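**Q** Structure file data_34.cif (mmCIF, C-alpha atoms) right here:
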```
data_input
loop_
_atom_site.group_PDB
_atom_site.id
_atom_site.type_symbol
_atom_site.label_atom_id
_atom_site.label_comp_id
_atom_site.auth_asym_id
_atom_site.auth_seq_id
_atom_site.Cartn_x
_atom_site.Cartn_y
_atom_site.Cartn_z
ATOM 1 C CA MET R 3 29.866 -0.084 28.024
ATOM 2 C CA THR R 4 28.387 -0.785 31.417
ATOM 3 C CA ASN R 5 24.881 -2.124 31.882
ATOM 4 C CA LYS R 6 23.800 1.292 33.138
ATOM 5 C CA SER R 7 25.160 2.986 29.971
ATOM 6 C CA VAL R 8 23.439 0.460 27.711
ATOM 7 C CA ALA R 9 20.126 0.945 29.529
ATOM 8 C CA LEU R 10 20.457 4.743 29.265
ATOM 9 C CA ALA R 11 21.266 4.506 25.537
ATOM 10 C CA LEU R 12 18.216 2.271 24.945
ATOM 11 C CA LEU R 13 15.962 4.643 26.888
ATOM 12 C CA PHE R 14 17.267 7.619 24.890
ATOM 13 C CA SER R 15 16.705 5.781 21.579
ATOM 14 C CA ALA R 16 13.160 4.808 22.576
ATOM 15 C CA THR R 17 12.404 8.409 23.516
ATOM 16 C CA LEU R 18 13.648 9.650 20.149
ATOM 17 C CA ALA R 19 11.612 7.029 18.314
ATOM 18 C CA GLY R 20 8.480 8.225 20.108
ATOM 19 C CA CYS R 21 9.147 11.800 18.945
ATOM 20 C CA GLN R 22 9.330 10.999 15.230
ATOM 21 C CA THR R 23 7.074 12.980 12.937
ATOM 22 C CA PRO R 24 3.807 11.227 12.091
ATOM 23 C CA ASP R 25 3.483 9.271 8.862
ATOM 24 C CA ARG R 26 2.477 11.562 5.996
ATOM 25 C CA ARG R 27 -0.405 9.178 5.297
ATOM 26 C CA MET R 28 -2.262 10.284 8.437
ATOM 27 C CA GLY R 29 -3.567 13.294 6.473
ATOM 28 C CA PRO R 30 -5.232 13.547 3.098
ATOM 29 C CA PRO R 31 -3.382 12.960 -0.172
ATOM 30 C CA PRO R 32 -1.967 16.056 -1.859
ATOM 31 C CA SER R 33 -4.505 18.244 -3.650
ATOM 32 C CA GLY R 34 -4.838 17.312 -7.294
ATOM 33 C CA ALA R 35 -3.922 13.649 -6.689
ATOM 34 C CA SER R 36 -5.446 11.354 -9.316
ATOM 35 C CA THR R 37 -8.451 9.537 -7.824
ATOM 36 C CA GLN R 38 -10.548 6.527 -8.802
ATOM 37 C CA GLN R 39 -14.022 6.171 -7.266
ATOM 38 C CA CYS R 40 -14.847 2.608 -6.155
ATOM 39 C CA ARG R 41 -18.547 2.387 -5.375
ATOM 40 C CA GLY R 42 -19.274 -1.255 -6.223
ATOM 41 C CA ALA R 43 -18.526 -4.607 -4.604
ATOM 42 C CA THR R 44 -15.512 -5.046 -6.924
ATOM 43 C CA CYS R 45 -13.134 -2.365 -8.078
ATOM 44 C CA ASP R 46 -10.517 -2.848 -10.813
ATOM 45 C CA ILE R 47 -7.380 -0.740 -10.493
ATOM 46 C CA GLU R 48 -5.184 -0.587 -13.580
ATOM 47 C CA VAL R 49 -1.403 -0.687 -13.099
ATOM 48 C CA SER R 50 1.136 -0.140 -15.865
ATOM 49 C CA VAL R 51 4.883 0.348 -16.187
ATOM 50 C CA VAL R 52 6.280 3.214 -18.269
ATOM 51 C CA ASP R 53 9.764 4.512 -19.070
ATOM 52 C CA GLY R 54 11.342 1.134 -18.373
ATOM 53 C CA CYS R 55 10.437 0.819 -14.690
ATOM 54 C CA THR R 56 8.115 3.600 -13.457
ATOM 55 C CA ILE R 57 4.877 2.252 -11.982
ATOM 56 C CA ARG R 58 1.799 4.195 -13.045
ATOM 57 C CA VAL R 59 -1.446 3.872 -11.065
ATOM 58 C CA VAL R 60 -4.039 6.265 -9.616
ATOM 59 C CA ASP R 61 -2.813 7.995 -6.457
ATOM 60 C CA VAL R 62 -6.036 7.438 -4.490
ATOM 61 C CA VAL R 63 -8.582 4.598 -4.564
ATOM 62 C CA ASP R 64 -11.686 6.213 -2.992
ATOM 63 C CA THR R 65 -13.866 3.520 -1.357
ATOM 64 C CA ARG R 66 -15.960 5.836 0.828
ATOM 65 C CA GLU R 67 -19.196 5.213 -1.097
ATOM 66 C CA GLY R 68 -18.673 1.459 -1.499
ATOM 67 C CA PRO R 69 -20.383 -1.388 0.374
ATOM 68 C CA SER R 70 -19.056 -2.588 3.735
ATOM 69 C CA THR R 71 -16.919 -5.272 2.041
ATOM 70 C CA GLN R 72 -15.203 -4.708 -1.297
ATOM 71 C CA ILE R 73 -12.783 -6.586 -3.524
ATOM 72 C CA LEU R 74 -9.961 -4.366 -4.755
ATOM 73 C CA ARG R 75 -8.340 -5.922 -7.822
ATOM 74 C CA TRP R 76 -5.029 -4.567 -9.147
ATOM 75 C CA ASN R 77 -4.443 -5.560 -12.799
ATOM 76 C CA LEU R 78 -0.958 -5.210 -14.281
ATOM 77 C CA GLN R 79 -1.329 -4.177 -17.922
ATOM 78 C CA THR R 80 2.289 -4.065 -19.169
ATOM 79 C CA THR R 81 3.379 -7.235 -20.977
ATOM 80 C CA GLY R 82 6.386 -9.055 -19.495
ATOM 81 C CA TYR R 83 6.242 -7.310 -16.109
ATOM 82 C CA LYS R 84 4.912 -9.127 -13.027
ATOM 83 C CA PHE R 85 3.888 -8.292 -9.495
ATOM 84 C CA SER R 86 6.645 -9.232 -7.061
ATOM 85 C CA SER R 87 6.214 -12.571 -5.305
ATOM 86 C CA ASP R 88 9.010 -11.784 -2.818
ATOM 87 C CA PRO R 89 7.579 -11.965 0.740
ATOM 88 C CA VAL R 90 9.628 -8.883 1.715
ATOM 89 C CA SER R 91 8.316 -6.748 -1.166
ATOM 90 C CA TYR R 92 5.123 -8.510 -2.203
ATOM 91 C CA GLY R 93 3.137 -7.168 -5.203
ATOM 92 C CA ILE R 94 0.636 -5.227 -3.047
ATOM 93 C CA VAL R 95 1.735 -4.398 0.510
ATOM 94 C CA ILE R 96 -0.810 -2.747 2.818
ATOM 95 C CA LYS R 97 1.352 -0.720 5.184
ATOM 96 C CA ASP R 98 -0.981 -0.280 8.151
ATOM 97 C CA SER R 99 -1.972 -2.968 10.595
ATOM 98 C CA THR R 100 -5.724 -2.472 10.874
ATOM 99 C CA GLY R 101 -6.495 -6.045 9.792
ATOM 100 C CA GLN R 102 -9.047 -4.835 7.234
ATOM 101 C CA PHE R 103 -7.276 -6.207 4.165
ATOM 102 C CA HIS R 104 -7.181 -9.910 3.297
ATOM 103 C CA GLY R 105 -5.270 -11.024 0.187
ATOM 104 C CA ASP R 106 -6.140 -13.804 -2.232
ATOM 105 C CA PRO R 107 -3.513 -16.210 -3.585
ATOM 106 C CA PHE R 108 -0.760 -14.573 -5.631
ATOM 107 C CA GLN R 109 -1.143 -14.161 -9.397
ATOM 108 C CA PRO R 110 1.641 -12.598 -11.500
ATOM 109 C CA THR R 111 -0.548 -9.932 -13.163
ATOM 110 C CA ARG R 112 -3.574 -9.631 -10.862
ATOM 111 C CA ILE R 113 -3.753 -9.245 -7.112
ATOM 112 C CA MET R 114 -7.098 -9.213 -5.321
ATOM 113 C CA VAL R 115 -7.572 -7.974 -1.783
ATOM 114 C CA GLN R 116 -10.772 -8.086 0.251
ATOM 115 C CA PHE R 117 -11.276 -4.799 2.091
ATOM 116 C CA LYS R 118 -13.654 -4.600 5.056
ATOM 117 C CA HIS R 119 -14.648 -1.083 6.066
ATOM 118 C CA LYS R 120 -14.684 -0.229 9.765
ATOM 119 C CA GLU R 121 -17.263 2.036 11.367
ATOM 120 C CA PRO R 122 -15.897 4.438 12.329
ATOM 121 C CA PRO R 123 -12.713 4.078 10.251
ATOM 122 C CA THR R 124 -9.506 3.367 12.177
ATOM 123 C CA ARG R 125 -7.609 5.447 9.637
ATOM 124 C CA LEU R 126 -9.118 7.478 6.825
ATOM 125 C CA TYR R 127 -6.176 6.831 4.508
ATOM 126 C CA HIS R 128 -4.492 3.448 4.143
ATOM 127 C CA ASP R 129 -1.153 3.566 2.367
ATOM 128 C CA TYR R 130 0.078 0.646 0.359
ATOM 129 C CA GLY R 131 3.008 -0.214 -1.846
ATOM 130 C CA ILE R 132 2.974 -1.647 -5.352
ATOM 131 C CA ASN R 133 5.996 -3.777 -6.221
ATOM 132 C CA VAL R 134 6.620 -4.871 -9.801
ATOM 133 C CA VAL R 135 9.558 -6.707 -11.352
ATOM 134 C CA ARG R 136 10.924 -6.358 -14.890
ATOM 135 C CA PRO R 137 10.941 -9.313 -17.284
ATOM 136 C CA ASP R 138 14.541 -10.063 -16.156
ATOM 137 C CA GLY R 139 13.416 -10.165 -12.477
ATOM 138 C CA THR R 140 14.913 -6.801 -11.466
ATOM 139 C CA PRO R 141 12.559 -4.898 -9.127
ATOM 140 C CA CYS R 142 11.171 -1.509 -10.132
ATOM 141 C CA PRO R 143 11.020 1.302 -7.540
ATOM 142 C CA THR R 144 7.981 0.890 -5.268
ATOM 143 C CA LYS R 145 4.955 3.125 -5.857
ATOM 144 C CA ASP R 146 3.109 4.281 -2.685
ATOM 145 C CA PRO R 147 -0.536 5.332 -3.281
ATOM 146 C CA TRP R 148 -3.553 5.453 -0.904
ATOM 147 C CA VAL R 149 -6.896 3.737 -0.275
ATOM 148 C CA TRP R 150 -9.384 6.299 1.116
ATOM 149 C CA GLU R 151 -11.945 4.810 3.496
#
```
Take the structure in the file and give it back as structure tokens.
**A**
Amino acid sequence: MTNKSVALALLFSATLAGCQTPDRRMGPPPSGASTQQCRGATCDIEVSVVDGCTIRVVDVVDTREGPSTQILRWNLQTTGYKFSSDPVSYGIVIKDSTGQFHGDPFQPTRIMVQFKHKEPPTRLYHDYGINVVRPDGTPCPTKDPWVWE
């Protein structure tokens, strides 16, 4: 390929990337999604594993009525399972880059994240991933819920 062809191919790829459909998290969660209200300075979010490797957690953590800074604390309830410590698929992965979430040191069954609200919010819905590993170290499929600011 000539330099001109490579440049044209890169330009075409960049154009296509810019035309991708927006992330589904830009809008509200689906109607009927399970929701947990978090109005206090600390909010505990229970996580469990069922059917061998299905992560169960509320779909939406609603922080809209909470103070300007909150601690969100995910607690893994299922014995033997642990949050992933893998840097690529860490236990709780905030998927947007607003800089509002600051994690505490890793713990196998509890992950705490400090959440600082922005006025006005950069995004109303922050998506995150929960990554858990089985007792033998095999990862479970990621669960992708929301934090509602």
**Q** List the neighbours of range 70-79 of chain R out to 8 Å using all atoms listed in the file; skip same-chain residues closer than 6 positions along the sequence, and give me the result as an MDAnalysis selection string.
**A** chainID R and resid 42:51 85 111:120
**Q** Check the smallest atom-to-atom distance from each of R:Gln39, R:Trp148, R:Pro143, R:Glu121 to Asp64 in chain R using all atoms listed in the file, then report the winner.
**A** R:Gln39
**Q** Choose the residue, out of R:Val52, R:Ala35, R:Cys40, R:Val135, that has the smallest atom-to-atom separation from Ser91 in chain R; count all atoms listed in the file.
**A**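 Smallest distance to Ser91 in chain R is found for R:Val135.
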**Q** Point out the residue among R:Gly105, R:Pro31, R:Gly139, R:Pro147 with the least atom-to-atom distance to Asp88 in chain R, counting only C-alpha atoms.
**A**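 Using only C-alpha atoms, the shortest distance to Asp88 in chain R belongs to R:Gly139.
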**Q** What do you get, as a PyMOL selection string, if you spell out every residue that the PyMOL selection byres ((chain R and resi 94) around 6) selects here?
**A** chain R and resi 92-93+95+131-132
**Q** Go through R:Pro89, R:Val62, R:Pro141, R:Gly68 and flag the residue nearest Asp129 in chain R, using all atoms listed in the file for the distances.
**A** R:Val62
**Q** Hey, what's within 9 Å of Arg125 in chain R if we count all atoms listed in the file and toss same-chain stuff fewer than 3 positions away? As a CSV table (one decimal) with C-alpha atoms, in the coordinates of the input, please?
**A**
```
chain,number,residue,atom,x,y,z
R,28,MET,CA,-2.3,10.3,8.4
R,98,ASP,CA,-1.0,-0.3,8.2
R,100,THR,CA,-5.7,-2.5,10.9
R,122,PRO,CA,-15.9,4.4,12.3
R,128,HIS,CA,-4.5,3.4,4.1
R,150,TRP,CA,-9.4,6.3,1.1
R,151,GLU,CA,-11.9,4.8,3.5
```
**Q** Report the distance between CA of Lys145 in chain R and CA of Ile57 in chain R in Å, rounded to one decimal place.
**A** 6.2 Å
**Q** Using Å and a single decimal, report how far CA of Arg58 in chain R sits from CA of Arg136 in chain R.
**A**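 Taking CA of Arg136 in chain R and CA of Arg58 in chain R, their separation equals 14.1 Å.
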**Q** Rounded to one decimal in Å, what is the spacing between CA of Cys55 in chain R and CA of Pro30 in chain R?
**A**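 Spanning CA of Cys55 in chain R to CA of Pro30 in chain R is a straight-line distance of 26.9 Å.
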**Q** Which of these, R:Pro137, R:Thr37, R:Thr144, R:Gln102, has the shortest distance to Thr124 in chain R once you count all atoms listed in the file?
**A**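 Between R:Pro137, R:Thr37, R:Thr144, R:Gln102, the residue approaching Thr124 in chain R most closely is R:Gln102.
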**Q** Restricting the calculation to only C-alpha atoms, which member of R:Tyr130, R:Arg41, R:Thr56, R:Thr81 is positioned closest to Pro69 in chain R?
**A**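 Ranked by minimum distance to Pro69 in chain R, first place goes to R:Arg41.
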**Q** For range 121-137 of chain R of the structure just presented, write N, CA and C atoms to a file, as a PDB file, in the first residue's frame.
**A**
```pdb
ATOM      1  N   GLU R 121     -21.769  19.589  39.726  1.00  0.00           N
ATOM      2  CA  GLU R 121     -22.912  20.469  39.486  1.00  0.00           C
ATOM      3  C   GLU R 121     -22.617  21.371  38.304  1.00  0.00           C
ATOM      4  N   PRO R 122     -23.315  21.289  37.226  1.00  0.00           N
ATOM      5  CA  PRO R 122     -24.273  20.246  36.905  1.00  0.00           C
ATOM      6  C   PRO R 122     -23.539  18.956  36.553  1.00  0.00           C
ATOM      7  N   PRO R 123     -24.235  17.818  36.602  1.00  0.00           N
ATOM      8  CA  PRO R 123     -23.580  16.543  36.284  1.00  0.00           C
ATOM      9  C   PRO R 123     -23.027  16.521  34.863  1.00  0.00           C
ATOM     10  N   THR R 124     -21.843  15.914  34.707  1.00  0.00           N
ATOM     11  CA  THR R 124     -21.260  15.718  33.380  1.00  0.00           C
ATOM     12  C   THR R 124     -22.086  14.698  32.606  1.00  0.00           C
ATOM     13  N   ARG R 125     -22.441  13.638  33.279  1.00  0.00           N
ATOM     14  CA  ARG R 125     -23.304  12.590  32.734  1.00  0.00           C
ATOM     15  C   ARG R 125     -24.295  12.227  33.828  1.00  0.00           C
ATOM     16  N   LEU R 126     -25.534  12.002  33.466  1.00  0.00           N
ATOM     17  CA  LEU R 126     -26.520  11.615  34.470  1.00  0.00           C
ATOM     18  C   LEU R 126     -26.338  10.175  34.905  1.00  0.00           C
ATOM     19  N   TYR R 127     -25.867   9.323  34.001  1.00  0.00           N
ATOM     20  CA  TYR R 127     -25.732   7.902  34.283  1.00  0.00           C
ATOM     21  C   TYR R 127     -24.284   7.487  34.055  1.00  0.00           C
ATOM     22  N   HIS R 128     -23.670   6.932  35.079  1.00  0.00           N
ATOM     23  CA  HIS R 128     -22.299   6.443  34.993  1.00  0.00           C
ATOM     24  C   HIS R 128     -22.366   4.926  34.957  1.00  0.00           C
ATOM     25  N   ASP R 129     -21.866   4.314  33.906  1.00  0.00           N
ATOM     26  CA  ASP R 129     -21.879   2.856  33.867  1.00  0.00           C
ATOM     27  C   ASP R 129     -20.587   2.318  34.454  1.00  0.00           C
ATOM     28  N   TYR R 130     -20.710   1.160  35.055  1.00  0.00           N
ATOM     29  CA  TYR R 130     -19.543   0.525  35.651  1.00  0.00           C
ATOM     30  C   TYR R 130     -19.653  -0.974  35.470  1.00  0.00           C
ATOM     31  N   GLY R 131     -18.547  -1.646  35.609  1.00  0.00           N
ATOM     32  CA  GLY R 131     -18.533  -3.100  35.504  1.00  0.00           C
ATOM     33  C   GLY R 131     -18.151  -3.715  36.831  1.00  0.00           C
ATOM     34  N   ILE R 132     -18.777  -4.848  37.137  1.00  0.00           N
ATOM     35  CA  ILE R 132     -18.422  -5.629  38.322  1.00  0.00           C
ATOM     36  C   ILE R 132     -17.774  -6.905  37.825  1.00  0.00           C
ATOM     37  N   ASN R 133     -16.564  -7.171  38.304  1.00  0.00           N
ATOM     38  CA  ASN R 133     -15.821  -8.363  37.894  1.00  0.00           C
ATOM     39  C   ASN R 133     -15.503  -9.209  39.120  1.00  0.00           C
ATOM     40  N   VAL R 134     -15.977 -10.459  39.068  1.00  0.00           N
ATOM     41  CA  VAL R 134     -15.816 -11.395  40.175  1.00  0.00           C
ATOM     42  C   VAL R 134     -15.151 -12.654  39.626  1.00  0.00           C
ATOM     43  N   VAL R 135     -14.338 -13.292  40.465  1.00  0.00           N
ATOM     44  CA  VAL R 135     -13.725 -14.563  40.079  1.00  0.00           C
ATOM     45  C   VAL R 135     -14.218 -15.673  41.005  1.00  0.00           C
ATOM     46  N   ARG R 136     -14.332 -16.876  40.434  1.00  0.00           N
ATOM     47  CA  ARG R 136     -14.739 -18.062  41.187  1.00  0.00           C
ATOM     48  C   ARG R 136     -13.631 -18.451  42.167  1.00  0.00           C
ATOM     49  N   PRO R 137     -13.932 -19.368  43.072  1.00  0.00           N
ATOM     50  CA  PRO R 137     -12.899 -19.835  44.004  1.00  0.00           C
ATOM     51  C   PRO R 137     -11.657 -20.404  43.298  1.00  0.00           C
TER      52      PRO R 137
END
```
